[in-house]
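Raw contents of run20.csv, CSV, N, CA and C atoms:
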```csv
chain,number,residue,atom,x,y,z
A,1,PRO,N,-6.6,41.6,-35.3
A,1,PRO,CA,-5.2,41.4,-35.2
A,1,PRO,C,-4.8,41.1,-33.7
A,2,HIS,N,-3.8,40.3,-33.6
A,2,HIS,CA,-3.3,39.9,-32.3
A,2,HIS,C,-2.2,40.9,-31.8
A,3,LYS,N,-2.3,41.5,-30.6
A,3,LYS,CA,-1.3,42.4,-30.0
A,3,LYS,C,-0.4,41.6,-29.1
A,4,GLN,N,0.9,41.8,-29.3
A,4,GLN,CA,1.9,41.2,-28.4
A,4,GLN,C,2.3,42.1,-27.4
A,5,GLN,N,2.4,41.7,-26.2
A,5,GLN,CA,2.9,42.5,-25.0
A,5,GLN,C,4.3,42.1,-24.7
A,6,ASP,N,5.1,43.1,-24.4
A,6,ASP,CA,6.5,42.8,-24.0
A,6,ASP,C,6.5,42.6,-22.5
A,7,THR,N,6.6,41.4,-22.0
A,7,THR,CA,6.6,41.0,-20.6
A,7,THR,C,8.0,41.0,-20.0
A,8,GLN,N,9.0,41.2,-20.8
A,8,GLN,CA,10.4,41.2,-20.3
A,8,GLN,C,10.8,42.5,-19.6
A,9,GLN,N,10.3,43.6,-20.1
A,9,GLN,CA,10.8,44.9,-19.5
A,9,GLN,C,9.6,45.9,-19.6
A,10,GLN,N,9.5,46.7,-18.5
A,10,GLN,CA,8.4,47.7,-18.4
A,10,GLN,C,9.1,49.0,-18.0
A,11,ILE,N,8.9,50.0,-18.8
A,11,ILE,CA,9.4,51.3,-18.5
A,11,ILE,C,8.3,52.3,-18.5
A,12,SER,N,8.2,53.1,-17.4
A,12,SER,CA,7.1,54.1,-17.2
A,12,SER,C,7.8,55.4,-16.9
A,13,THR,N,7.0,56.5,-17.1
A,13,THR,CA,7.6,57.8,-16.9
A,13,THR,C,6.5,58.6,-16.1
A,14,PRO,N,6.9,59.6,-15.2
A,14,PRO,CA,8.2,60.1,-15.0
A,14,PRO,C,9.1,59.3,-14.1
A,15,LYS,N,8.5,58.4,-13.3
A,15,LYS,CA,9.3,57.5,-12.4
A,15,LYS,C,9.7,56.3,-13.3
A,16,THR,N,10.9,56.1,-13.5
A,16,THR,CA,11.4,55.0,-14.4
A,16,THR,C,11.5,53.8,-13.6
A,17,THR,N,10.8,52.7,-13.9
A,17,THR,CA,10.9,51.5,-13.2
A,17,THR,C,11.3,50.4,-14.2
A,18,LEU,N,12.4,49.7,-13.9
A,18,LEU,CA,12.9,48.6,-14.7
A,18,LEU,C,12.6,47.3,-14.0
A,19,SER,N,11.9,46.4,-14.7
A,19,SER,CA,11.7,45.1,-14.0
A,19,SER,C,11.7,44.0,-15.1
A,20,SER,N,12.0,42.8,-14.7
A,20,SER,CA,12.0,41.7,-15.6
A,20,SER,C,11.5,40.5,-14.8
A,21,SER,N,10.7,39.7,-15.5
A,21,SER,CA,10.2,38.5,-14.9
A,21,SER,C,11.3,37.4,-14.8
A,22,THR,N,12.3,37.5,-15.7
A,22,THR,CA,13.3,36.4,-15.7
A,22,THR,C,14.7,36.9,-15.2
A,23,LEU,N,14.9,38.2,-15.1
A,23,LEU,CA,16.3,38.6,-14.8
A,23,LEU,C,16.5,38.9,-13.3
A,24,SER,N,15.7,39.7,-12.6
A,24,SER,CA,16.2,40.2,-11.3
A,24,SER,C,15.0,40.5,-10.4
A,25,PRO,N,15.1,40.3,-9.1
A,25,PRO,CA,14.1,40.7,-8.2
A,25,PRO,C,14.2,42.1,-7.7
A,26,LEU,N,15.2,42.8,-8.3
A,26,LEU,CA,15.4,44.2,-7.9
A,26,LEU,C,14.9,45.2,-9.0
A,27,SER,N,14.4,46.3,-8.6
A,27,SER,CA,14.0,47.4,-9.6
A,27,SER,C,14.6,48.7,-9.1
A,28,PHE,N,14.7,49.6,-10.1
A,28,PHE,CA,15.3,50.9,-9.8
A,28,PHE,C,14.4,52.0,-10.3
A,29,SER,N,14.3,53.1,-9.6
A,29,SER,CA,13.5,54.2,-10.1
A,29,SER,C,14.3,55.5,-9.9
A,30,SER,N,14.1,56.4,-10.8
A,30,SER,CA,14.8,57.7,-10.8
A,30,SER,C,13.8,58.8,-11.0
A,31,PRO,N,13.3,59.4,-9.9
A,31,PRO,CA,12.4,60.6,-10.1
A,31,PRO,C,13.1,61.8,-10.5
A,32,LEU,N,12.7,62.6,-11.4
A,32,LEU,CA,13.3,63.8,-11.8
A,32,LEU,C,12.5,65.0,-11.2
A,33,SER,N,13.3,66.0,-10.7
A,33,SER,CA,12.6,67.1,-10.1
A,33,SER,C,12.8,68.3,-11.0
A,34,LEU,N,11.8,68.9,-11.5
A,34,LEU,CA,11.8,70.1,-12.4
A,34,LEU,C,11.3,71.3,-11.6
A,35,SER,N,12.1,72.4,-11.7
A,35,SER,CA,11.7,73.6,-11.1
A,35,SER,C,12.2,74.8,-12.0
A,36,SER,N,11.3,75.7,-12.3
A,36,SER,CA,11.6,76.8,-13.2
A,36,SER,C,12.6,76.5,-14.3
A,37,SER,N,13.8,76.8,-14.2
A,37,SER,CA,14.8,76.6,-15.2
A,37,SER,C,15.9,75.6,-14.9
A,38,THR,N,15.7,74.9,-13.7
A,38,THR,CA,16.8,73.9,-13.3
A,38,THR,C,16.2,72.5,-13.3
A,39,ILE,N,17.1,71.6,-13.6
A,39,ILE,CA,16.7,70.2,-13.4
A,39,ILE,C,17.7,69.6,-12.4
A,40,SER,N,17.1,69.0,-11.4
A,40,SER,CA,17.9,68.3,-10.3
A,40,SER,C,18.3,67.0,-10.9
A,41,PRO,N,19.5,66.6,-10.5
A,41,PRO,CA,20.0,65.3,-10.9
A,41,PRO,C,19.1,64.2,-10.3
A,42,PRO,N,19.0,63.1,-11.0
A,42,PRO,CA,18.2,62.0,-10.5
A,42,PRO,C,18.7,61.4,-9.2
A,43,ARG,N,17.9,61.0,-8.3
A,43,ARG,CA,18.3,60.2,-7.1
A,43,ARG,C,17.7,58.9,-7.3
A,44,TRP,N,18.6,57.9,-7.4
A,44,TRP,CA,18.2,56.5,-7.6
A,44,TRP,C,17.7,55.9,-6.3
A,45,VAL,N,16.6,55.3,-6.4
A,45,VAL,CA,16.0,54.6,-5.2
A,45,VAL,C,15.8,53.1,-5.6
A,46,THR,N,16.3,52.2,-4.8
A,46,THR,CA,16.3,50.8,-5.1
A,46,THR,C,15.3,50.1,-4.3
A,47,HIS,N,14.4,49.4,-5.0
A,47,HIS,CA,13.3,48.6,-4.3
A,47,HIS,C,13.4,47.2,-4.6
A,48,ARG,N,13.0,46.4,-3.6
A,48,ARG,CA,12.8,44.9,-3.9
A,48,ARG,C,11.5,44.8,-4.5
A,49,CYS,N,11.4,43.8,-5.4
A,49,CYS,CA,10.0,43.5,-6.0
A,49,CYS,C,9.2,43.0,-4.8
A,50,GLY,N,8.0,43.4,-4.7
A,50,GLY,CA,7.2,43.0,-3.6
A,50,GLY,C,7.2,44.1,-2.5
A,51,GLY,N,8.0,45.1,-2.7
A,51,GLY,CA,7.9,46.2,-1.7
A,51,GLY,C,9.2,46.3,-0.9
A,52,GLY,N,9.4,47.5,-0.3
A,52,GLY,CA,10.5,47.8,0.6
A,52,GLY,C,11.6,48.5,-0.1
A,53,THR,N,12.0,49.6,0.5
A,53,THR,CA,13.1,50.4,-0.1
A,53,THR,C,14.4,49.9,0.5
A,54,ILE,N,15.4,49.7,-0.4
A,54,ILE,CA,16.7,49.3,0.1
A,54,ILE,C,17.5,50.5,0.5
A,55,THR,N,17.5,51.5,-0.4
A,55,THR,CA,18.3,52.7,-0.1
A,55,THR,C,17.8,53.9,-0.8
A,56,GLN,N,18.1,55.1,-0.3
A,56,GLN,CA,17.7,56.3,-1.0
A,56,GLN,C,18.9,57.0,-1.7
A,57,TYR,N,20.1,56.4,-1.5
A,57,TYR,CA,21.3,56.9,-2.1
A,57,TYR,C,21.7,56.2,-3.4
A,58,PRO,N,22.5,56.7,-4.2
A,58,PRO,CA,23.0,56.0,-5.4
A,58,PRO,C,23.6,54.7,-5.1
A,59,VAL,N,23.3,53.7,-6.0
A,59,VAL,CA,23.9,52.4,-5.9
A,59,VAL,C,25.0,52.2,-6.9
A,60,ALA,N,25.8,51.1,-6.7
A,60,ALA,CA,26.9,50.8,-7.6
A,60,ALA,C,26.8,49.3,-7.9
A,61,PHE,N,27.1,49.0,-9.2
A,61,PHE,CA,27.1,47.6,-9.6
A,61,PHE,C,28.6,47.2,-9.9
A,62,THR,N,28.9,45.9,-9.7
A,62,THR,CA,30.2,45.4,-10.0
A,62,THR,C,30.3,45.4,-11.6
A,63,ARG,N,31.5,45.3,-12.1
A,63,ARG,CA,31.7,45.4,-13.6
A,63,ARG,C,30.9,44.3,-14.3
A,64,ASP,N,30.8,43.1,-13.7
A,64,ASP,CA,30.1,42.0,-14.3
A,64,ASP,C,28.6,42.1,-14.0
A,65,SER,N,28.1,43.1,-13.3
A,65,SER,CA,26.7,43.3,-13.0
A,65,SER,C,26.1,42.2,-12.1
A,66,LYS,N,26.9,41.4,-11.4
A,66,LYS,CA,26.4,40.3,-10.6
A,66,LYS,C,26.0,40.8,-9.2
A,67,TYR,N,26.6,41.9,-8.8
A,67,TYR,CA,26.4,42.4,-7.4
A,67,TYR,C,26.1,43.9,-7.4
A,68,ILE,N,25.3,44.3,-6.4
A,68,ILE,CA,25.0,45.7,-6.3
A,68,ILE,C,25.3,46.1,-4.8
A,69,PHE,N,25.8,47.3,-4.7
A,69,PHE,CA,26.2,47.9,-3.4
A,69,PHE,C,25.2,49.0,-3.1
A,70,CYS,N,24.6,48.9,-1.8
A,70,CYS,CA,23.6,49.9,-1.4
A,70,CYS,C,24.1,50.5,0.0
A,71,CYS,N,23.9,51.8,0.1
A,71,CYS,CA,24.2,52.4,1.4
A,71,CYS,C,23.0,52.4,2.3
A,72,SER,N,23.2,52.0,3.5
A,72,SER,CA,22.0,52.0,4.5
A,72,SER,C,22.6,52.3,5.9
A,73,SER,N,22.2,53.4,6.4
A,73,SER,CA,22.7,53.9,7.7
A,73,SER,C,24.2,54.0,7.6
A,74,ASN,N,24.9,53.4,8.5
A,74,ASN,CA,26.4,53.5,8.5
A,74,ASN,C,27.1,52.3,7.9
A,75,VAL,N,26.4,51.5,7.1
A,75,VAL,CA,27.0,50.3,6.5
A,75,VAL,C,26.7,50.3,5.0
A,76,ILE,N,27.4,49.4,4.3
A,76,ILE,CA,27.2,49.1,2.8
A,76,ILE,C,26.8,47.7,2.7
A,77,HIS,N,25.6,47.5,2.1
A,77,HIS,CA,25.1,46.1,1.8
A,77,HIS,C,25.5,45.7,0.4
A,78,MET,N,25.9,44.5,0.3
A,78,MET,CA,26.2,43.9,-1.0
A,78,MET,C,25.1,42.8,-1.3
A,79,TYR,N,24.4,43.0,-2.4
A,79,TYR,CA,23.3,42.1,-2.8
A,79,TYR,C,23.7,41.3,-4.1
A,80,SER,N,23.2,40.2,-4.3
A,80,SER,CA,23.2,39.5,-5.6
A,80,SER,C,22.1,40.0,-6.4
A,81,VAL,N,22.4,40.4,-7.6
A,81,VAL,CA,21.4,41.0,-8.5
A,81,VAL,C,20.5,39.9,-9.0
A,82,SER,N,21.0,38.7,-9.2
A,82,SER,CA,20.1,37.6,-9.7
A,82,SER,C,19.2,37.0,-8.7
A,83,THR,N,19.5,37.0,-7.4
A,83,THR,CA,18.6,36.5,-6.4
A,83,THR,C,18.0,37.5,-5.5
A,84,GLY,N,18.7,38.7,-5.4
A,84,GLY,CA,18.2,39.7,-4.5
A,84,GLY,C,18.6,39.5,-3.0
A,85,LYS,N,19.4,38.4,-2.8
A,85,LYS,CA,19.8,38.1,-1.4
A,85,LYS,C,21.1,38.9,-1.0
A,86,LYS,N,21.1,39.3,0.3
A,86,LYS,CA,22.2,40.0,0.8
A,86,LYS,C,23.4,39.0,0.9
A,87,ILE,N,24.6,39.4,0.3
A,87,ILE,CA,25.8,38.6,0.3
A,87,ILE,C,26.6,38.9,1.5
A,88,ARG,N,26.9,40.2,1.8
A,88,ARG,CA,27.7,40.6,2.9
A,88,ARG,C,27.4,42.1,3.3
A,89,VAL,N,27.9,42.5,4.4
A,89,VAL,CA,27.8,43.9,4.9
A,89,VAL,C,29.2,44.4,5.2
A,90,LEU,N,29.5,45.6,4.7
A,90,LEU,CA,30.7,46.3,5.0
A,90,LEU,C,30.5,47.3,6.1
A,91,ARG,N,31.1,47.0,7.3
A,91,ARG,CA,30.9,47.9,8.5
A,91,ARG,C,32.2,48.6,8.8
A,92,GLY,N,32.1,49.9,9.3
A,92,GLY,CA,33.3,50.6,9.7
A,92,GLY,C,33.0,52.1,9.8
A,93,HIS,N,32.1,52.6,9.1
A,93,HIS,CA,31.7,54.0,9.2
A,93,HIS,C,31.0,54.3,10.5
A,94,THR,N,31.2,55.5,11.0
A,94,THR,CA,30.5,55.9,12.3
A,94,THR,C,29.3,56.8,12.1
A,95,SER,N,29.0,57.1,10.8
A,95,SER,CA,27.9,57.9,10.5
A,95,SER,C,27.3,57.4,9.2
A,96,SER,N,26.2,58.0,8.7
A,96,SER,CA,25.5,57.6,7.5
A,96,SER,C,26.4,57.6,6.3
A,97,VAL,N,26.4,56.4,5.6
A,97,VAL,CA,27.1,56.3,4.3
A,97,VAL,C,26.2,56.9,3.2
A,98,THR,N,26.8,57.8,2.4
A,98,THR,CA,26.0,58.5,1.4
A,98,THR,C,26.3,58.2,0.0
A,99,GLY,N,27.4,57.4,-0.2
A,99,GLY,CA,27.8,57.1,-1.6
A,99,GLY,C,28.7,55.9,-1.6
A,100,VAL,N,28.6,55.2,-2.7
A,100,VAL,CA,29.5,54.0,-2.9
A,100,VAL,C,29.8,53.9,-4.4
A,101,ALA,N,31.0,53.5,-4.7
A,101,ALA,CA,31.5,53.3,-6.1
A,101,ALA,C,32.5,52.2,-6.2
A,102,VAL,N,32.4,51.4,-7.2
A,102,VAL,CA,33.4,50.4,-7.5
A,102,VAL,C,34.7,51.0,-8.0
A,103,SER,N,35.8,50.6,-7.5
A,103,SER,CA,37.1,51.2,-7.9
A,103,SER,C,37.4,50.9,-9.4
A,104,PRO,N,37.8,52.0,-10.1
A,104,PRO,CA,38.1,51.8,-11.5
A,104,PRO,C,39.5,51.1,-11.7
A,105,MET,N,40.3,51.0,-10.6
A,105,MET,CA,41.6,50.4,-10.7
A,105,MET,C,41.6,48.9,-10.3
A,106,ASN,N,40.7,48.5,-9.5
A,106,ASN,CA,40.6,47.1,-9.0
A,106,ASN,C,39.2,46.7,-8.9
A,107,TYR,N,38.7,45.8,-9.7
A,107,TYR,CA,37.3,45.4,-9.7
A,107,TYR,C,36.9,44.7,-8.4
A,108,LEU,N,37.8,44.4,-7.5
A,108,LEU,CA,37.4,43.7,-6.2
A,108,LEU,C,37.3,44.7,-5.1
A,109,GLN,N,37.5,46.0,-5.4
A,109,GLN,CA,37.5,47.0,-4.4
A,109,GLN,C,36.3,48.0,-4.6
A,110,VAL,N,35.8,48.6,-3.5
A,110,VAL,CA,34.8,49.6,-3.6
A,110,VAL,C,35.1,50.7,-2.6
A,111,TYR,N,34.8,51.9,-3.0
A,111,TYR,CA,34.9,53.1,-2.2
A,111,TYR,C,33.6,53.5,-1.6
A,112,SER,N,33.6,54.0,-0.3
A,112,SER,CA,32.4,54.5,0.3
A,112,SER,C,32.7,55.8,0.9
A,113,VAL,N,31.7,56.7,0.9
A,113,VAL,CA,31.9,58.0,1.5
A,113,VAL,C,30.7,58.2,2.5
A,114,SER,N,31.1,58.9,3.6
A,114,SER,CA,30.1,59.0,4.8
A,114,SER,C,30.1,60.4,5.4
A,115,LEU,N,29.0,60.6,6.1
A,115,LEU,CA,28.9,61.9,6.9
A,115,LEU,C,29.9,61.9,8.0
A,116,ASP,N,30.6,60.8,8.3
A,116,ASP,CA,31.7,60.9,9.3
A,116,ASP,C,33.0,61.5,8.7
A,117,SER,N,32.9,62.1,7.5
A,117,SER,CA,34.0,62.8,6.8
A,117,SER,C,35.1,61.9,6.4
A,118,THR,N,34.8,60.7,6.1
A,118,THR,CA,35.8,59.7,5.6
A,118,THR,C,35.4,59.1,4.3
A,119,ILE,N,36.5,58.7,3.6
A,119,ILE,CA,36.3,57.9,2.4
A,119,ILE,C,37.0,56.6,2.7
A,120,ARG,N,36.4,55.5,2.5
A,120,ARG,CA,37.0,54.2,2.8
A,120,ARG,C,37.1,53.3,1.6
A,121,LEU,N,38.2,52.6,1.5
A,121,LEU,CA,38.4,51.7,0.4
A,121,LEU,C,38.3,50.3,1.0
A,122,TRP,N,37.5,49.4,0.4
A,122,TRP,CA,37.2,48.1,0.9
A,122,TRP,C,37.6,47.0,-0.2
A,123,ASN,N,38.0,45.9,0.3
A,123,ASN,CA,38.0,44.7,-0.5
A,123,ASN,C,36.7,44.0,-0.2
A,124,TYR,N,35.8,44.1,-1.2
A,124,TYR,CA,34.4,43.6,-0.9
A,124,TYR,C,34.4,42.1,-0.9
A,125,ASN,N,35.3,41.4,-1.6
A,125,ASN,CA,35.3,40.0,-1.6
A,125,ASN,C,35.6,39.3,-0.3
A,126,GLU,N,36.4,40.1,0.6
A,126,GLU,CA,36.7,39.6,1.9
A,126,GLU,C,36.1,40.4,3.0
A,127,ALA,N,35.3,41.5,2.6
A,127,ALA,CA,34.7,42.4,3.6
A,127,ALA,C,35.8,43.0,4.4
A,128,LEU,N,36.9,43.4,3.8
A,128,LEU,CA,38.1,43.9,4.5
A,128,LEU,C,38.3,45.4,4.2
A,129,LEU,N,38.4,46.2,5.3
A,129,LEU,CA,38.7,47.6,5.1
A,129,LEU,C,40.2,47.8,4.8
A,130,LEU,N,40.5,48.4,3.7
A,130,LEU,CA,41.9,48.5,3.2
A,130,LEU,C,42.5,49.9,3.6
A,131,LYS,N,41.7,50.9,3.5
A,131,LYS,CA,42.2,52.3,3.7
A,131,LYS,C,41.1,53.2,4.1
A,132,THR,N,41.5,54.2,5.0
A,132,THR,CA,40.6,55.3,5.4
A,132,THR,C,41.2,56.6,5.1
A,133,ILE,N,40.5,57.4,4.3
A,133,ILE,CA,41.1,58.7,3.9
A,133,ILE,C,40.3,59.8,4.6
```

Encoded form using C-alpha coordinates:
Amino acid sequence: PHKQQDTQQQISTPKTTLSSSTLSPLSFSSPLSLSSSTISPPRWVTHRCGGGTITQYPVAFTRDSKYIFCCSSNVIHMYSVSTGKKIRVLRGHTSSVTGVAVSPMNYLQVYSVSLDSTIRLWNYNEALLLKTI
(Lines of atoms letter the chains of each structure in order from A and count residues from 1; the text may use other names and numbers.)
(Lines give C-alpha, C1' and ligand atoms only; values in the text may rest on other atoms or scores of the structure.)
Protein backbone atom coordinates (compact mmCIF):
# COMPACT_ATOMS: atom_id res chain seq x y z
CA PRO A 1 0.00 0.00 0.00
CA HIS A 2 1.07 3.55 -0.77
CA LYS A 3 1.34 5.96 2.19
CA GLN A 4 0.56 9.63 1.61
CA GLN A 5 2.37 12.27 3.60
CA ASP A 6 0.83 15.60 4.50
CA THR A 7 3.43 18.12 3.31
CA GLN A 8 1.22 21.16 3.91
CA GLN A 9 1.31 21.22 7.70
CA GLN A 10 3.45 19.64 10.37
CA ILE A 11 2.49 19.63 14.04
CA SER A 12 4.78 18.24 16.73
CA THR A 13 4.49 18.02 20.51
CA PRO A 14 5.34 19.32 23.13
CA LYS A 15 6.78 22.20 21.11
CA THR A 16 4.11 23.02 18.55
CA THR A 17 5.54 24.09 15.23
CA LEU A 18 3.32 25.13 12.37
CA SER A 19 4.87 25.31 8.95
CA SER A 20 3.70 25.25 5.37
CA SER A 21 5.63 24.92 2.17
CA THR A 22 3.14 27.12 0.33
CA LEU A 23 1.77 29.53 2.94
CA SER A 24 4.35 31.34 5.02
CA PRO A 25 8.05 31.62 5.83
CA LEU A 26 7.16 32.15 9.51
CA SER A 27 6.59 29.47 12.16
CA PHE A 28 5.32 29.66 15.71
CA SER A 29 6.05 27.53 18.74
CA SER A 30 4.47 27.37 22.17
CA PRO A 31 6.35 25.41 24.83
CA LEU A 32 4.22 24.46 27.84
CA SER A 33 5.75 24.39 31.31
CA LEU A 34 4.34 21.81 33.70
CA SER A 35 5.15 21.86 37.40
CA SER A 36 3.41 19.83 40.13
CA SER A 37 -0.20 21.03 39.87
CA THR A 38 0.13 24.22 37.83
CA ILE A 39 0.33 24.82 34.12
CA SER A 40 2.09 27.96 32.96
CA PRO A 41 0.47 29.82 30.08
CA PRO A 42 2.21 29.29 26.76
CA ARG A 43 4.80 31.83 25.63
CA TRP A 44 4.75 32.13 21.88
CA VAL A 45 8.10 32.33 20.18
CA THR A 46 8.21 33.35 16.54
CA HIS A 47 10.93 32.02 14.26
CA ARG A 48 11.84 32.63 10.65
CA CYS A 49 12.14 29.44 8.63
CA GLY A 50 15.83 28.84 8.25
CA GLY A 51 16.58 30.06 11.77
CA GLY A 52 16.58 33.13 13.94
CA THR A 53 14.16 34.15 16.67
CA ILE A 54 12.03 37.22 15.94
CA THR A 55 10.58 37.68 19.44
CA GLN A 56 10.11 35.99 22.80
CA TYR A 57 6.86 37.86 23.56
CA PRO A 58 3.33 37.19 22.27
CA VAL A 59 2.66 38.30 18.70
CA ALA A 60 -0.49 39.80 17.13
CA PHE A 61 -2.00 39.29 13.70
CA THR A 62 -4.13 41.75 11.77
CA ARG A 63 -7.75 40.68 11.28
CA ASP A 64 -7.08 39.61 7.70
CA SER A 65 -3.94 37.70 8.85
CA LYS A 66 -1.78 39.52 6.29
CA TYR A 67 0.53 41.09 8.88
CA ILE A 68 2.09 40.14 12.18
CA PHE A 69 3.36 42.44 14.93
CA CYS A 70 6.37 41.40 17.03
CA CYS A 71 7.95 43.12 20.04
CA SER A 72 11.71 43.48 19.95
CA SER A 73 13.65 45.66 22.36
CA ASN A 74 11.86 49.01 22.50
CA VAL A 75 10.16 48.80 19.07
CA ILE A 76 7.34 46.91 17.34
CA HIS A 77 8.13 45.25 14.02
CA MET A 78 5.41 44.68 11.43
CA TYR A 79 6.02 41.75 9.04
CA SER A 80 4.18 40.43 6.02
CA VAL A 81 2.99 36.90 6.82
CA SER A 82 3.14 35.83 3.15
CA THR A 83 6.72 36.99 2.49
CA GLY A 84 8.26 37.28 5.98
CA LYS A 85 9.62 40.73 5.06
CA LYS A 86 9.62 43.59 7.53
CA ILE A 87 7.07 46.21 6.45
CA ARG A 88 7.65 48.91 9.07
CA VAL A 89 8.88 49.61 12.60
CA LEU A 90 6.88 51.48 15.26
CA ARG A 91 9.26 53.50 17.45
CA GLY A 92 8.50 55.52 20.57
CA HIS A 93 8.86 53.37 23.70
CA THR A 94 11.88 54.09 25.90
CA SER A 95 12.12 50.57 27.36
CA SER A 96 11.41 46.98 26.26
CA VAL A 97 8.04 46.37 24.61
CA THR A 98 6.43 43.31 26.18
CA GLY A 99 3.07 43.10 24.44
CA VAL A 100 1.18 44.09 21.33
CA ALA A 101 -2.50 43.73 20.34
CA VAL A 102 -4.61 44.86 17.41
CA SER A 103 -7.36 47.25 18.48
CA PRO A 104 -10.81 45.64 18.59
CA MET A 105 -12.36 49.03 17.71
CA ASN A 106 -10.24 49.97 14.68
CA TYR A 107 -8.48 47.37 12.55
CA LEU A 108 -5.80 49.89 11.49
CA GLN A 109 -4.67 50.50 15.07
CA VAL A 110 -2.48 48.50 17.41
CA TYR A 111 -1.77 48.83 21.14
CA SER A 112 1.65 48.23 22.66
CA VAL A 113 2.72 47.93 26.29
CA SER A 114 6.23 48.46 27.60
CA LEU A 115 8.42 48.32 30.68
CA ASP A 116 8.52 52.14 30.43
CA SER A 117 5.06 51.95 32.14
CA THR A 118 3.15 53.19 29.09
CA ILE A 119 0.50 51.84 26.75
CA ARG A 120 0.66 53.33 23.28
CA LEU A 121 -1.93 53.37 20.52
CA TRP A 122 -0.59 53.39 16.97
CA ASN A 123 -1.96 53.79 13.48
CA TYR A 124 0.20 51.06 11.97
CA ASN A 125 -0.71 51.92 8.39
CA GLU A 126 1.11 55.25 8.76
CA ALA A 127 3.47 54.29 11.65
CA LEU A 128 1.89 57.14 13.61
CA LEU A 129 1.72 57.32 17.42
CA LEU A 130 -1.86 58.35 18.29
CA LYS A 131 -1.94 58.22 22.09
CA THR A 132 0.18 57.43 25.14
CA ILE A 133 -1.52 56.26 28.33

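Between CA of Gly84 (chain A) and CA of Pro58 (chain A) there is a distance of 17.0 Å.
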
Set the distance at 10 Å and use only C-alpha atoms: which residues neighbour region 89-97 of chain A once local chain neighbours fewer than 3 positions away are removed? I'd like the list as a PyMOL selection string. chain A and resi 57+69-79+86+100+112-120+122-124+126-129+132

Atom N of Met105 (chain A) to atom C of Leu121 (chain A), distance in Å rounded to a single decimal: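 Separation of atom N of Met105 (chain A) and atom C of Leu121 (chain A): 11.8 Å.
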
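Distance-wise, CA of Val59 (chain A) and atom N of Ser103 (chain A) end up 12.1 Å apart.
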
Need to verify the contact set: Asn125 (chain A), 8 Å, only N, CA and C atoms, exclusion of same-chain residues closer than 5 positions in sequence. Can you return it as a list in words? Tyr107, Leu108, Gln109 and Val110 of chain A

Which polymer residues have any atom within 9 Å of an atom of Arg63 (chain A), counting only C-alpha atoms, with same-chain residues fewer than 3 positions away left out, as a ChimeraX atom specification? /A:66-67,102,107
